[in-house]
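A.B. asks: Have a look at the structure that comes next, please.
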Amino acid sequence: MKHIKTLTTRNLKESMKKGGCGECQTSCQSACKTSCTVGNQSCENNK
Amino acid sequence: MVHQYINNGYHIVLDVNSGSVHVVDEMVYELIAFVNEQENPGNIEKKVISLAVDRFKDKYDERDIQEALEEIQELTKEGMLFTEDVYEPYLKDFKKRPTVVKALCLHIAHDCNLACQYCFAEEGEYHGRRALMSFEVGKKALDFLIANSGSRRNLEVDFFGGEPLMNFDVVKQLVAYGREQEKIHDKNFRFTLTTNGVLLNDDILEFANKEMANIVLSIDGRKEINDKMRPFRNGKGSYDLIVPKFKKVAESRNQTNYYVRGTFTRNNLDFASDVLHLADLGFEQISVEPVVAEEGDDYALRMEDVPKLCEEYDKLAKEMVRRKKDGKCFNFFHFMIDLSGGPCVAKRISGCGSGTEYLAVTPWGDLYPCHQFVGKEEFLLGNVEDGIVKTDVVDEFKCCNVYAKEKCKNCFAKFYCSGGCAANSYNFHGSINDVYEVGCELQRKRVECAIMIQAAMADEEV
């Protein structure tokens with residue numbers, strides 16, 4: 001496309017199909033302990 | 001829902017429901033906003049094309065406008081723009097869903113050798129008494145975790161406090177017990193340690209590097225900032241003692257799987273300088289986060305501080321891009337965003353997991369929804385001996401998600417923060433289903449900055 005550059009992202013709608021395995025890290029356990037941060041975590045299924 | 005913003009010269013369009021991120025030119029930026037105002041943005045009819053041409057023909061070439069509209073329409077057809085929110089039905093019967101416990105925050109010591117001004121644990125005591133967790137209680141906590149983890153294999157245990165190194169022998173015993181049990185039950189324990197560093201020594205470091213998947217090292221940044229909020233009980237600052245130790249930890253772990261983790265308050269609204277100070281000390285994994293405080297505390301962040309704090313995030317993001325280009329990069333936890341490999345939508349809408357997947361355990365074995373709730377008796381869920389007793393409170397946490405919160409419904413950041421921190425909401429509004437507005441403003445800014453950094457990096461690759 002000439003005017004639009006789309007970054008590679010995971011399609012959230014697609015992720016509904018086989019998502020929710022629950023193996024990923026608990027949000028607060030990483031570093032924060034005070035602020036819910038989910039979007040920066042990785043999916044264990046994608047590894 | 002579409003969110004548009006300009007940051008560091010990039011025109012960014014986020015299609016919230018698909019998670020797609022588009023970096024566009026100024027014309028498309030304006031056209032998308034125009035299309036979004038129309039009755040049916042998902043379908044650009046001839047009428048809309050002529051309206052758009054009329055509106056923008058003085059500014060842009062007519063053929064270019066048409067071409068841009070075609071590109072917009074193409075993305076829409078591909079499900080990457082103006083996507084509908086189809087996730088709410090997933091939450092039907094959410095209360096009935098079985099949940100497993102996958103992480104524990106073990107309060108191995110309700111005692112501390114520092115007297116940090118902002119400590120939500122009140123110098124380690126959590127509105128209660130000083131106490132150390134016994135091996136017996138810790139062992140029961142690990143048994144409880146295994147027994148309640150269902151088929152989940154990866155189990156997380158954070159040794160937290162107070163200061164966990166004040167009870168290090170029990171930490172060692174529990175790790176040994178966990179390693180033995182994980183083989184028996186086909187589990188994988190990921191242990192982490194959160195420490196102020198005062199008692200760190202070579203023996204502890206050697207053990208931690210062998211057993212701890214992550215170490216969180218508490219330090220606020222510049223010496224004067226750190227020492228004001230993180231003194232010893234005699235008032236002396238902790239910076240000079242901990243910095244050399246933390247450097248050693250970072251190097252010995254090859255600059256990965258650790259965080260230097262600070263808190264910013266009203267005393268250092270210019271917190272970007274603290275982040276950069278930590279980076280200049282050589283740390284590559286940094287997290288500096290807004291304080292959680294009661295409204296009346298003099299160091300609590302206020303709504304009037306938000307513009308200044310947002311400026312700091314912008315400043316930091318720009319500087320990170322500059323350093324990345326120079327090959328001197330570091331990670332800032334709140335700007336990390338995994339666009340291509342991030343969590344599935346189920347994770348994004350179901351909240352942080354407190355009270356369901358994640359529980360805190362006090363030194364005497366009481367269970368709370370998370371470390372922030374420890375000491376608030378109405379949230380006492382049960383104990384490691386009898387398990388969860390107050391299932392009604394767990395049900396309340398089960399239902400705490402982005403769709404349960406009115407203020408989240410129209411927020412573009414909802415799939416990145418998953419509805420925010422329940423404890424923050426409770427502290428400010430007396431309910432876990434509300435939001436903490438200052439936190440939300442900062443979260444939105446962080447998401448914008450994080451995506452901008454990704455856009456800038458993608459720009460470099462071309």
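Ligands are numbered from 1 in the order shown, residues from 1 within each chain, and chains are lettered A, B, ... in the order they appear in the structure tokens.
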Which residues come within 10 Å of segment 403-406 of chain B, counting only C-alpha atoms, excluding same-chain residues fewer than 2 positions away, as an NGL selection string?
C.D. replies: :B and (87-88 or 91 or 349-351 or 399-401 or 408-411 or 414 or 418-420 or 432-435)
A.B. asks: Taking only C-alpha atoms into account, find every residue of chain B that has an atom no more than 6 Å from chain A, and write it out as a tab-separated table (two decimals) with C-alpha atoms, in the first residue's frame.
C.D. replies:
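Dumped to result.tsv:
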```
chain	number	residue	atom	x	y	z
B	18	SER	CA	-8.53	-6.64	15.77
B	19	GLY	CA	-5.37	-5.28	17.40
B	20	SER	CA	-4.10	-4.04	14.02
B	21	VAL	CA	-1.72	-1.08	13.99
B	22	HIS	CA	-1.37	1.12	10.92
B	23	VAL	CA	1.17	3.86	10.41
B	24	VAL	CA	-0.32	6.22	7.86
B	25	ASP	CA	0.36	9.50	6.09
B	336	MET	CA	7.18	-3.47	26.16
B	337	ILE	CA	4.46	-4.60	23.84
B	338	ASP	CA	4.38	-7.83	21.93
B	339	LEU	CA	2.32	-6.97	18.87
B	340	SER	CA	2.85	-10.18	16.96
B	341	GLY	CA	3.14	-12.71	19.77
B	342	GLY	CA	1.13	-11.10	22.54
B	343	PRO	CA	-1.60	-12.69	24.58
B	344	CYS	CA	-4.79	-14.10	23.08
B	345	VAL	CA	-8.01	-12.21	23.46
B	346	ALA	CA	-9.22	-14.52	26.22
B	352	CYS	CA	-5.13	-9.72	35.78
B	416	TYR	CA	-3.71	-3.92	26.79
B	417	CYS	CA	-4.45	-3.38	30.46
B	420	GLY	CA	-6.63	-2.29	35.29
B	421	CYS	CA	-5.67	-3.08	38.84
```
A.B. asks: Write out as a VMD selection string the set of residues from segment 127-215 of chain B that DSSP, computed on the backbone, places in alpha helix (DSSP H).
C.D. replies: chain B and resid 135 to 147 168 to 185 202 to 211
A.B. asks: Give the strand (DSSP E or B) residues of segment 283-430 of chain B, as assigned by DSSP on the backbone, as a list in words.
C.D. replies: Gln285, Ile286, Ser287, Val288, Glu289, Pro290, Asn331, Phe332, Ser354, Tyr358, Leu359, Ala360, Val361, Asp366, Leu367, Tyr368, Gly382, Asn383, Gly387 and Ile388 of chain B
A.B. asks: What's the 10 Å shell around segment 27-30 of chain B, counting only C-alpha atoms, without same-chain residues fewer than 4 positions away, as a PyMOL selection string?
C.D. replies: (chain A and resi 3-4) or (chain B and resi 4-6+11-13+22-23+34-36+52+56+59-61+64-65+67-69+71-72)
A.B. asks: Please compute the atom CA of Phe160 of chain B-atom CA of Val361 of chain B distance, one decimal, in Å.
C.D. replies: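 The value is 9.7 Å.
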A.B. asks: Set the distance at 10 Å and use only C-alpha atoms: which residues neighbour Pro307 of chain B once local chain neighbours fewer than 4 positions away are removed? I'd like the list as JSON, numbers by chain.
C.D. replies: {"B": [303, 311, 312, 313, 441, 442]}
